[in-house]
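Structure data follow from target-v5.pdb (PDB, C-alpha atoms, pLDDT in the B column):
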MODEL        1
ATOM      1  CA  MET A   1      57.848  69.907  45.719  1.00 41.00           C
ATOM      2  CA  LEU A   2      55.429  67.520  47.323  1.00 38.00           C
ATOM      3  CA  HIS A   3      54.146  68.512  50.722  1.00 40.00           C
ATOM      4  CA  ALA A   4      56.040  66.603  53.378  1.00 41.00           C
ATOM      5  CA  SER A   5      52.839  65.029  54.748  1.00 40.00           C
ATOM      6  CA  ARG A   6      51.728  63.713  51.363  1.00 41.00           C
ATOM      7  CA  ARG A   7      52.564  60.046  50.830  1.00 43.00           C
ATOM      8  CA  ARG A   8      53.018  58.247  47.592  1.00 43.00           C
ATOM      9  CA  PRO A   9      50.306  55.663  46.942  1.00 43.00           C
ATOM     10  CA  THR A  10      51.440  52.200  47.959  1.00 41.00           C
ATOM     11  CA  ARG A  11      51.179  49.271  45.617  1.00 40.00           C
ATOM     12  CA  LYS A  12      48.746  46.552  46.500  1.00 38.00           C
ATOM     13  CA  ALA A  13      50.447  43.401  47.678  1.00 35.00           C
ATOM     14  CA  PRO A  14      49.783  40.441  45.404  1.00 37.00           C
ATOM     15  CA  ASP A  15      47.036  38.125  46.554  1.00 36.00           C
ATOM     16  CA  ALA A  16      48.856  35.494  48.590  1.00 35.00           C
ATOM     17  CA  GLY A  17      45.959  33.100  48.200  1.00 50.00           C
ATOM     18  CA  ARG A  18      45.900  33.223  44.421  1.00 76.00           C
ATOM     19  CA  VAL A  19      46.640  29.851  42.797  1.00 79.00           C
ATOM     20  CA  PRO A  20      48.895  29.854  39.692  1.00 87.00           C
ATOM     21  CA  ALA A  21      47.079  28.951  36.483  1.00 84.00           C
ATOM     22  CA  ASP A  22      48.923  25.668  35.959  1.00 89.00           C
ATOM     23  CA  ALA A  23      48.289  24.546  39.550  1.00 92.00           C
ATOM     24  CA  ARG A  24      44.621  25.530  39.226  1.00 92.00           C
ATOM     25  CA  ARG A  25      44.313  23.549  36.006  1.00 93.00           C
ATOM     26  CA  ARG A  26      45.874  20.526  37.707  1.00 93.00           C
ATOM     27  CA  GLN A  27      43.410  20.896  40.592  1.00 94.00           C
ATOM     28  CA  LEU A  28      40.396  21.126  38.278  1.00 96.00           C
ATOM     29  CA  LEU A  29      41.507  18.131  36.226  1.00 95.00           C
ATOM     30  CA  GLY A  30      41.952  16.174  39.445  1.00 94.00           C
ATOM     31  CA  GLU A  31      38.423  16.993  40.533  1.00 95.00           C
ATOM     32  CA  ALA A  32      37.072  16.112  37.085  1.00 95.00           C
ATOM     33  CA  GLY A  33      38.858  12.761  37.214  1.00 94.00           C
ATOM     34  CA  ALA A  34      37.399  12.050  40.644  1.00 95.00           C
ATOM     35  CA  ILE A  35      33.892  12.871  39.417  1.00 95.00           C
ATOM     36  CA  LEU A  36      34.320  10.591  36.407  1.00 93.00           C
ATOM     37  CA  THR A  37      35.567   7.778  38.612  1.00 94.00           C
ATOM     38  CA  ALA A  38      32.728   8.092  41.112  1.00 93.00           C
ATOM     39  CA  GLY A  39      29.789   8.818  38.826  1.00 91.00           C
ATOM     40  CA  GLY A  40      30.805   8.345  35.213  1.00 90.00           C
ATOM     41  CA  VAL A  41      30.699  10.882  32.420  1.00 90.00           C
ATOM     42  CA  GLU A  42      27.021  11.639  33.106  1.00 91.00           C
ATOM     43  CA  ALA A  43      28.030  13.194  36.435  1.00 93.00           C
ATOM     44  CA  LEU A  44      30.695  15.450  34.938  1.00 93.00           C
ATOM     45  CA  SER A  45      29.804  19.121  34.559  1.00 94.00           C
ATOM     46  CA  ILE A  46      31.549  22.457  34.889  1.00 95.00           C
ATOM     47  CA  ALA A  47      29.258  23.334  37.794  1.00 95.00           C
ATOM     48  CA  GLU A  48      30.127  20.120  39.656  1.00 96.00           C
ATOM     49  CA  VAL A  49      33.876  20.621  39.132  1.00 96.00           C
ATOM     50  CA  ALA A  50      33.570  24.183  40.433  1.00 96.00           C
ATOM     51  CA  ALA A  51      31.623  23.050  43.503  1.00 95.00           C
ATOM     52  CA  ARG A  52      34.126  20.323  44.366  1.00 94.00           C
ATOM     53  CA  ALA A  53      37.092  22.634  43.850  1.00 94.00           C
ATOM     54  CA  GLY A  54      35.497  25.414  45.909  1.00 93.00           C
ATOM     55  CA  VAL A  55      35.746  27.965  43.101  1.00 94.00           C
ATOM     56  CA  SER A  56      33.288  29.849  40.926  1.00 94.00           C
ATOM     57  CA  ARG A  57      31.841  28.402  37.752  1.00 95.00           C
ATOM     58  CA  PRO A  58      33.256  31.284  35.628  1.00 94.00           C
ATOM     59  CA  LEU A  59      36.751  30.442  36.899  1.00 94.00           C
ATOM     60  CA  VAL A  60      36.387  26.870  35.624  1.00 95.00           C
ATOM     61  CA  SER A  61      34.903  28.132  32.357  1.00 94.00           C
ATOM     62  CA  ARG A  62      37.956  30.301  31.750  1.00 93.00           C
ATOM     63  CA  GLN A  63      40.052  27.143  31.693  1.00 92.00           C
ATOM     64  CA  PHE A  64      37.448  24.916  30.028  1.00 95.00           C
ATOM     65  CA  PRO A  65      34.793  26.902  28.109  1.00 94.00           C
ATOM     66  CA  ALA A  66      32.570  23.865  27.502  1.00 93.00           C
ATOM     67  CA  ARG A  67      32.019  20.449  29.045  1.00 93.00           C
ATOM     68  CA  LEU A  68      33.594  18.711  26.044  1.00 94.00           C
ATOM     69  CA  ASP A  69      36.727  20.833  26.517  1.00 95.00           C
ATOM     70  CA  LEU A  70      36.909  19.462  30.047  1.00 94.00           C
ATOM     71  CA  VAL A  71      36.490  15.889  28.765  1.00 94.00           C
ATOM     72  CA  ARG A  72      39.266  16.407  26.208  1.00 95.00           C
ATOM     73  CA  ALA A  73      41.599  17.885  28.799  1.00 96.00           C
ATOM     74  CA  VAL A  74      41.044  14.978  31.209  1.00 96.00           C
ATOM     75  CA  LEU A  75      41.739  12.496  28.409  1.00 96.00           C
ATOM     76  CA  GLU A  76      44.850  14.358  27.231  1.00 96.00           C
ATOM     77  CA  ASP A  77      46.203  14.383  30.759  1.00 96.00           C
ATOM     78  CA  PHE A  78      45.512  10.677  31.278  1.00 96.00           C
ATOM     79  CA  VAL A  79      46.976   9.673  27.913  1.00 96.00           C
ATOM     80  CA  ALA A  80      50.127  11.690  28.650  1.00 96.00           C
ATOM     81  CA  VAL A  81      50.589   9.836  31.949  1.00 96.00           C
ATOM     82  CA  LEU A  82      49.822   6.454  30.393  1.00 95.00           C
ATOM     83  CA  SER A  83      52.097   7.029  27.399  1.00 94.00           C
ATOM     84  CA  GLY A  84      54.956   8.042  29.671  1.00 95.00           C
ATOM     85  CA  ASN A  85      54.382   4.948  31.788  1.00 95.00           C
ATOM     86  CA  PHE A  86      54.431   2.725  28.676  1.00 92.00           C
ATOM     87  CA  HIS A  87      57.772   4.071  27.505  1.00 93.00           C
ATOM     88  CA  GLU A  88      59.285   3.632  30.956  1.00 93.00           C
ATOM     89  CA  ALA A  89      57.876   0.086  31.114  1.00 91.00           C
ATOM     90  CA  LEU A  90      59.469  -0.781  27.779  1.00 86.00           C
ATOM     91  CA  VAL A  91      62.866   0.496  28.885  1.00 89.00           C
ATOM     92  CA  ARG A  92      62.677  -1.433  32.160  1.00 87.00           C
ATOM     93  CA  SER A  93      61.482  -4.686  30.613  1.00 83.00           C
ATOM     94  CA  LEU A  94      63.938  -4.971  27.704  1.00 82.00           C
ATOM     95  CA  PRO A  95      65.390  -7.393  26.940  1.00 86.00           C
ATOM     96  CA  GLY A  96      62.624  -9.681  28.109  1.00 83.00           C
ATOM     97  CA  THR A  97      60.061 -12.263  27.194  1.00 88.00           C
ATOM     98  CA  ILE A  98      56.638 -11.478  25.740  1.00 87.00           C
ATOM     99  CA  GLU A  99      55.172 -12.276  29.148  1.00 91.00           C
ATOM    100  CA  SER A 100      57.495  -9.993  31.131  1.00 92.00           C
ATOM    101  CA  ILE A 101      57.015  -7.096  28.710  1.00 90.00           C
ATOM    102  CA  THR A 102      53.237  -7.606  28.800  1.00 91.00           C
ATOM    103  CA  THR A 103      53.250  -7.551  32.600  1.00 94.00           C
ATOM    104  CA  ALA A 104      55.276  -4.327  32.594  1.00 94.00           C
ATOM    105  CA  PHE A 105      52.745  -2.633  30.306  1.00 93.00           C
ATOM    106  CA  ILE A 106      49.784  -3.825  32.363  1.00 96.00           C
ATOM    107  CA  GLU A 107      51.413  -2.622  35.584  1.00 96.00           C
ATOM    108  CA  ALA A 108      52.012   0.718  33.844  1.00 96.00           C
ATOM    109  CA  SER A 109      48.289   0.923  33.044  1.00 96.00           C
ATOM    110  CA  CYS A 110      47.401   0.170  36.668  1.00 97.00           C
ATOM    111  CA  ASP A 111      49.812   2.863  37.886  1.00 97.00           C
ATOM    112  CA  ALA A 112      48.113   5.436  35.636  1.00 96.00           C
ATOM    113  CA  ILE A 113      44.674   4.373  36.884  1.00 96.00           C
ATOM    114  CA  GLU A 114      45.798   4.710  40.500  1.00 96.00           C
ATOM    115  CA  ALA A 115      47.318   8.128  39.768  1.00 94.00           C
ATOM    116  CA  ARG A 116      44.408   9.622  37.822  1.00 94.00           C
ATOM    117  CA  GLY A 117      41.418   7.415  38.635  1.00 93.00           C
ATOM    118  CA  ALA A 118      39.486   4.789  36.711  1.00 95.00           C
ATOM    119  CA  GLY A 119      37.125   7.388  35.213  1.00 93.00           C
ATOM    120  CA  PRO A 120      39.522   8.650  32.519  1.00 94.00           C
ATOM    121  CA  TRP A 121      40.585   5.058  31.758  1.00 95.00           C
ATOM    122  CA  ARG A 122      36.977   4.049  31.126  1.00 93.00           C
ATOM    123  CA  LEU A 123      36.382   7.198  29.108  1.00 92.00           C
ATOM    124  CA  LEU A 124      38.997   6.024  26.577  1.00 92.00           C
ATOM    125  CA  ASP A 125      36.590   3.308  25.444  1.00 89.00           C
ATOM    126  CA  ALA A 126      33.225   4.717  26.511  1.00 84.00           C
ATOM    127  CA  ARG A 127      30.188   3.110  24.933  1.00 81.00           C
ATOM    128  CA  ALA A 128      27.041   4.358  26.654  1.00 69.00           C
ATOM    129  CA  ALA A 129      27.723   8.084  26.394  1.00 72.00           C
ATOM    130  CA  GLU A 130      27.062  11.051  24.137  1.00 87.00           C
ATOM    131  CA  PRO A 131      28.415  10.494  20.593  1.00 91.00           C
ATOM    132  CA  GLU A 132      30.909  13.373  20.926  1.00 92.00           C
ATOM    133  CA  VAL A 133      32.294  11.924  24.148  1.00 92.00           C
ATOM    134  CA  VAL A 134      32.549   8.441  22.613  1.00 92.00           C
ATOM    135  CA  GLN A 135      34.360   9.831  19.548  1.00 93.00           C
ATOM    136  CA  THR A 136      36.713  11.887  21.694  1.00 94.00           C
ATOM    137  CA  GLY A 137      37.610   8.900  23.851  1.00 94.00           C
ATOM    138  CA  ARG A 138      38.143   6.673  20.836  1.00 93.00           C
ATOM    139  CA  ALA A 139      40.357   9.252  19.147  1.00 94.00           C
ATOM    140  CA  HIS A 140      42.577   9.534  22.214  1.00 95.00           C
ATOM    141  CA  LEU A 141      42.831   5.752  22.528  1.00 94.00           C
ATOM    142  CA  GLU A 142      43.807   5.468  18.861  1.00 92.00           C
ATOM    143  CA  GLY A 143      46.443   8.141  19.361  1.00 93.00           C
ATOM    144  CA  LEU A 144      47.819   6.280  22.363  1.00 92.00           C
ATOM    145  CA  LEU A 145      48.067   2.987  20.461  1.00 90.00           C
ATOM    146  CA  ALA A 146      49.337   4.320  17.126  1.00 91.00           C
ATOM    147  CA  PRO A 147      53.059   4.452  18.075  1.00 88.00           C
ATOM    148  CA  TRP A 148      52.969   0.767  19.064  1.00 87.00           C
ATOM    149  CA  ARG A 149      51.387  -0.553  15.876  1.00 89.00           C
ATOM    150  CA  ALA A 150      54.672  -1.014  14.021  1.00 89.00           C
ATOM    151  CA  ARG A 151      56.182  -2.913  16.958  1.00 83.00           C
ATOM    152  CA  LEU A 152      53.226  -5.299  17.050  1.00 85.00           C
ATOM    153  CA  ALA A 153      53.405  -5.773  13.269  1.00 87.00           C
ATOM    154  CA  ALA A 154      57.081  -6.715  13.550  1.00 84.00           C
ATOM    155  CA  LEU A 155      56.382  -9.098  16.419  1.00 77.00           C
ATOM    156  CA  ALA A 156      53.511 -10.828  14.607  1.00 76.00           C
ATOM    157  CA  GLY A 157      55.221 -10.741  11.225  1.00 80.00           C
ATOM    158  CA  THR A 158      52.276  -9.029   9.600  1.00 83.00           C
ATOM    159  CA  THR A 159      51.218  -5.697   8.136  1.00 86.00           C
ATOM    160  CA  GLU A 160      50.453  -2.637  10.239  1.00 87.00           C
ATOM    161  CA  GLN A 161      46.874  -2.741   8.973  1.00 87.00           C
ATOM    162  CA  ARG A 162      46.458  -6.289  10.297  1.00 87.00           C
ATOM    163  CA  ALA A 163      48.355  -5.386  13.479  1.00 88.00           C
ATOM    164  CA  ALA A 164      45.846  -2.606  14.136  1.00 89.00           C
ATOM    165  CA  ILE A 165      43.079  -5.229  14.277  1.00 90.00           C
ATOM    166  CA  TYR A 166      45.162  -7.415  16.587  1.00 91.00           C
ATOM    167  CA  MET A 167      45.786  -4.447  18.827  1.00 92.00           C
ATOM    168  CA  TRP A 168      42.093  -3.775  19.423  1.00 93.00           C
ATOM    169  CA  VAL A 169      41.567  -7.447  20.337  1.00 94.00           C
ATOM    170  CA  ILE A 170      44.515  -7.329  22.748  1.00 93.00           C
ATOM    171  CA  VAL A 171      43.380  -4.068  24.323  1.00 93.00           C
ATOM    172  CA  ALA A 172      39.850  -5.418  24.816  1.00 94.00           C
ATOM    173  CA  ALA A 173      41.207  -8.520  26.569  1.00 95.00           C
ATOM    174  CA  GLY A 174      43.499  -6.519  28.839  1.00 94.00           C
ATOM    175  CA  ARG A 175      40.806  -4.028  29.760  1.00 94.00           C
ATOM    176  CA  ALA A 176      38.315  -6.814  30.522  1.00 94.00           C
ATOM    177  CA  ALA A 177      40.801  -8.467  32.871  1.00 95.00           C
ATOM    178  CA  LEU A 178      41.448  -5.212  34.733  1.00 96.00           C
ATOM    179  CA  ASP A 179      37.731  -4.504  35.203  1.00 95.00           C
ATOM    180  CA  GLY A 180      37.585  -6.899  38.136  1.00 94.00           C
ATOM    181  CA  TRP A 181      40.245  -4.915  39.986  1.00 96.00           C
ATOM    182  CA  ILE A 182      38.700  -1.553  39.104  1.00 95.00           C
ATOM    183  CA  ASP A 183      35.311  -2.786  40.366  1.00 94.00           C
ATOM    184  CA  GLY A 184      36.904  -4.005  43.612  1.00 94.00           C
ATOM    185  CA  LYS A 185      36.200  -7.703  42.963  1.00 95.00           C
ATOM    186  CA  VAL A 186      39.795  -8.921  42.796  1.00 96.00           C
ATOM    187  CA  PRO A 187      43.126  -7.528  44.038  1.00 97.00           C
ATOM    188  CA  ARG A 188      45.413  -5.707  41.632  1.00 97.00           C
ATOM    189  CA  ALA A 189      47.975  -8.535  41.546  1.00 97.00           C
ATOM    190  CA  ARG A 190      45.333 -11.035  40.448  1.00 97.00           C
ATOM    191  CA  ALA A 191      43.976  -8.725  37.755  1.00 97.00           C
ATOM    192  CA  VAL A 192      47.491  -8.080  36.440  1.00 97.00           C
ATOM    193  CA  ARG A 193      48.103 -11.817  36.280  1.00 97.00           C
ATOM    194  CA  ASP A 194      44.813 -12.476  34.478  1.00 97.00           C
ATOM    195  CA  ALA A 195      45.506  -9.684  31.990  1.00 96.00           C
ATOM    196  CA  THR A 196      49.046 -10.950  31.420  1.00 96.00           C
ATOM    197  CA  VAL A 197      47.819 -14.478  30.693  1.00 96.00           C
ATOM    198  CA  ALA A 198      45.157 -13.248  28.247  1.00 95.00           C
ATOM    199  CA  VAL A 199      47.350 -10.760  26.400  1.00 93.00           C
ATOM    200  CA  THR A 200      50.397 -13.067  26.263  1.00 92.00           C
ATOM    201  CA  ALA A 201      48.257 -15.860  24.805  1.00 94.00           C
ATOM    202  CA  LEU A 202      46.924 -13.535  22.114  1.00 92.00           C
ATOM    203  CA  LEU A 203      50.352 -12.146  21.248  1.00 87.00           C
ATOM    204  CA  THR A 204      51.826 -15.625  21.031  1.00 86.00           C
ATOM    205  CA  ALA A 205      48.980 -16.834  18.820  1.00 87.00           C
ATOM    206  CA  PHE A 206      49.230 -13.843  16.500  1.00 84.00           C
ATOM    207  CA  ALA A 207      53.010 -14.224  16.248  1.00 79.00           C
ATOM    208  CA  ALA A 208      52.584 -17.890  15.330  1.00 77.00           C
ATOM    209  CA  GLU A 209      50.280 -17.165  12.398  1.00 67.00           C
ATOM    210  CA  VAL A 210      51.573 -18.512   9.087  1.00 48.00           C
ATOM    211  CA  PRO A 211      52.688 -15.890   6.552  1.00 55.00           C
ATOM    212  CA  ALA A 212      49.882 -16.927   4.189  1.00 47.00           C
ATOM    213  CA  GLY A 213      47.386 -15.521   6.672  1.00 47.00           C
ATOM    214  CA  ARG A 214      48.851 -12.044   6.500  1.00 48.00           C
TER     215      ARG A 214
ENDMDL
END

Can the structure in the file be given as structure tokens, please?
Amino acid sequence: MLHASRRRPTRKAPDAGRVPADARRRQLLGEAGAILTAGGVEALSIAEVAARAGVSRPLVSRQFPARLDLVRAVLEDFVAVLSGNFHEALVRSLPGTIESITTAFIEASCDAIEARGAGPWRLLDARAAEPEVVQTGRAHLEGLLAPWRARLAALAGTTEQRAAIYMWVIVAAGRAALDGWIDGKVPRARAVRDATVAVTALLTAFAAEVPAGR
């Protein structure tokens, strides 16, 4: 028998301050998005994310072993939000005119930017950045647009290959119109209106193309 005075070892209470892995990941992605928005991709580093989050660099590295892993994760998160917003916008706007559907999609883009920051949005079509970052952003943008190619082809009465070209023109116009809002030069409502006018005009023109031009 155990001596009466001998006590069994007590289990250590779990660390009440420990953050669950999924919540920590969300926190780190939020900090990365804020860094991208404030300073661009050049400012993004594992060390900077760790400093802003108040955690150690090894803790960040366990989630994101390399800087490019962090870039990919930020883009995946942003694309997931944006894609979800697009599908909700389509449901809300149907049946509707080209203009009303366009406005719904542009508002959905603005909502994603406000939720995750302009940094990830700009990273989708980065130009002046490392080649790997540019390729990663482009790949995520292509993945975001791919499900909508067939719809645009049907609307314009053309092939999906031709619709893919139209889509890049439309995206460029919409992004250019939203830049003024992102840069703080015009209010969101004005930027949405400008983007709607530009994109609607392009969609209408493409839809009016004669079949011989397919």

Pick from A:Leu124, A:Ala201, A:Leu178, A:Val19 nearest to A:Val79, counting all atoms listed in the file: A:Leu124

Nearby residues (all atoms listed in the file) at most 12 Å from A:Ala129, same-chain spacing under 2 positions excluded, as JSON, numbers by chain: {"A": [40, 41, 42, 43, 44, 71, 122, 123, 124, 125, 126, 127, 131, 132, 133, 134, 135, 136, 137, 138]}

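With distances restricted to all atoms listed in the file, A:Gly33 is the closest residue to A:Ile113 from A:Pro147, A:Gly33, A:Pro65, A:Gly96.
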
Enclosing box along x, y and z for every listed atom of stretch 54-59 of chain A, padded 5 Å each side, centre and size in Å, one decimal, as AutoDock Vina command-line options:
--center_x 34.3 --center_y 28.3 --center_z 40.8 --size_x 14.9 --size_y 15.9 --size_z 20.3

Expected selection from the PyMOL selection byres ((chain A and resi 48) around 12), given as a PyMOL selection string: chain A and resi 28+31-36+39+41-47+49-57+60-61+67+70

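When the PyMOL selection byres ((chain A and resi 160-176) around 8) is run on the displayed coordinates, the residues it returns are Ile106, Leu145, Arg149, Ala150, Leu152, Ala153, Ala156, Thr158, Thr159, Ala177, Leu178, Asp179, Gly180, Ala195, Thr196, Ala198, Val199, Leu202, Leu203, Phe206 and Arg214 of chain A.
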
Coordinates-based distance that separates atom CA of A:Gly30 from atom CA of A:Asp77 (Å, one decimal): 9.8 Å

All residues 9 Å or closer to A:Ala115, only C-alpha atoms, same chain fewer than 4 positions away omitted, as a ChimeraX atom specification: /A:81,110-111

Atoms to include: C-alpha atoms. Write the selected residues as a PDB file, in the frame of the given file.
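Now in result.pdb:
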ATOM      1  CA  VAL A  81      50.589   9.836  31.949  1.00 96.00           C
ATOM      2  CA  CYS A 110      47.401   0.170  36.668  1.00 97.00           C
ATOM      3  CA  ASP A 111      49.812   2.863  37.886  1.00 97.00           C
TER       4      ASP A 111
END

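Using only C-alpha atoms, the protein and nucleic acid residues lying at most 7 Å from the point (56.8, -12.7, 17.6) are Leu155, Ala156, Gly157, Thr204 and Ala207 of chain A.
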
8 Å contact set for stretch 100-103 of chain A, only C-alpha atoms, chain neighbours under 2 positions out, as a ChimeraX atom specification: /A:89-90,93-94,96-98,105-107,192-193,196,199-200

Nearest residue to A:Val74 from the set A:Ala104, A:Ala38, A:Ser109, A:Leu29 (distances using only C-alpha atoms): A:Leu29

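Of note, atom CA of A:Ala108 and atom CA of A:Leu82 are spaced 7.0 Å apart.
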
Once N, CA and C atoms are restored for stretch 152-182 of chain A, what would the output be as a CSV table (one decimal), in the coordinates of the input?
chain,number,residue,atom,x,y,z
A,152,LEU,N,54.1,-4.1,17.1
A,152,LEU,CA,53.2,-5.3,17.0
A,152,LEU,C,53.3,-6.0,15.7
A,153,ALA,N,53.3,-5.2,14.6
A,153,ALA,CA,53.4,-5.8,13.3
A,153,ALA,C,54.7,-6.6,13.1
A,154,ALA,N,55.8,-6.0,13.6
A,154,ALA,CA,57.1,-6.7,13.6
A,154,ALA,C,57.1,-8.0,14.4
A,155,LEU,N,56.5,-7.9,15.5
A,155,LEU,CA,56.4,-9.1,16.4
A,155,LEU,C,55.6,-10.2,15.8
A,156,ALA,N,54.4,-9.8,15.2
A,156,ALA,CA,53.5,-10.8,14.6
A,156,ALA,C,53.9,-11.2,13.2
A,157,GLY,N,54.8,-10.5,12.6
A,157,GLY,CA,55.2,-10.7,11.2
A,157,GLY,C,54.1,-10.5,10.2
A,158,THR,N,53.4,-9.4,10.5
A,158,THR,CA,52.3,-9.0,9.6
A,158,THR,C,52.3,-7.5,9.2
A,159,THR,N,51.3,-7.1,8.5
A,159,THR,CA,51.2,-5.7,8.1
A,159,THR,C,50.7,-4.8,9.3
A,160,GLU,N,51.0,-3.5,9.2
A,160,GLU,CA,50.5,-2.6,10.2
A,160,GLU,C,48.9,-2.6,10.2
A,161,GLN,N,48.3,-2.7,9.1
A,161,GLN,CA,46.9,-2.7,9.0
A,161,GLN,C,46.3,-3.9,9.7
A,162,ARG,N,46.9,-5.1,9.6
A,162,ARG,CA,46.5,-6.3,10.3
A,162,ARG,C,46.8,-6.2,11.8
A,163,ALA,N,47.9,-5.6,12.1
A,163,ALA,CA,48.4,-5.4,13.5
A,163,ALA,C,47.4,-4.5,14.2
A,164,ALA,N,46.8,-3.5,13.5
A,164,ALA,CA,45.8,-2.6,14.1
A,164,ALA,C,44.6,-3.4,14.6
A,165,ILE,N,44.2,-4.4,13.9
A,165,ILE,CA,43.1,-5.2,14.3
A,165,ILE,C,43.5,-6.1,15.5
A,166,TYR,N,44.7,-6.6,15.4
A,166,TYR,CA,45.2,-7.4,16.6
A,166,TYR,C,45.2,-6.6,17.9
A,167,MET,N,45.6,-5.3,17.7
A,167,MET,CA,45.8,-4.4,18.8
A,167,MET,C,44.5,-4.2,19.5
A,168,TRP,N,43.4,-4.0,18.8
A,168,TRP,CA,42.1,-3.8,19.4
A,168,TRP,C,41.6,-5.0,20.2
A,169,VAL,N,41.9,-6.2,19.6
A,169,VAL,CA,41.6,-7.4,20.3
A,169,VAL,C,42.3,-7.6,21.6
A,170,ILE,N,43.6,-7.3,21.6
A,170,ILE,CA,44.5,-7.3,22.7
A,170,ILE,C,44.1,-6.3,23.8
A,171,VAL,N,43.8,-5.1,23.4
A,171,VAL,CA,43.4,-4.1,24.3
A,171,VAL,C,42.1,-4.5,25.0
A,172,ALA,N,41.1,-5.0,24.2
A,172,ALA,CA,39.8,-5.4,24.8
A,172,ALA,C,40.1,-6.5,25.9
A,173,ALA,N,40.9,-7.4,25.6
A,173,ALA,CA,41.2,-8.5,26.6
A,173,ALA,C,41.9,-8.0,27.8
A,174,GLY,N,42.8,-7.1,27.7
A,174,GLY,CA,43.5,-6.5,28.8
A,174,GLY,C,42.6,-5.7,29.7
A,175,ARG,N,41.7,-4.9,29.0
A,175,ARG,CA,40.8,-4.0,29.8
A,175,ARG,C,39.8,-4.9,30.5
A,176,ALA,N,39.3,-5.9,29.9
A,176,ALA,CA,38.3,-6.8,30.5
A,176,ALA,C,38.9,-7.4,31.8
A,177,ALA,N,40.2,-7.8,31.7
A,177,ALA,CA,40.8,-8.5,32.9
A,177,ALA,C,41.0,-7.5,34.0
A,178,LEU,N,41.2,-6.2,33.7
A,178,LEU,CA,41.4,-5.2,34.7
A,178,LEU,C,40.1,-4.7,35.3
A,179,ASP,N,39.0,-5.0,34.7
A,179,ASP,CA,37.7,-4.5,35.2
A,179,ASP,C,37.4,-5.1,36.6
A,180,GLY,N,37.8,-6.3,36.8
A,180,GLY,CA,37.6,-6.9,38.1
A,180,GLY,C,38.3,-6.1,39.3
A,181,TRP,N,39.5,-5.7,39.0
A,181,TRP,CA,40.2,-4.9,40.0
A,181,TRP,C,39.6,-3.5,40.2
A,182,ILE,N,39.3,-2.9,39.1
A,182,ILE,CA,38.7,-1.6,39.1
A,182,ILE,C,37.4,-1.6,39.9
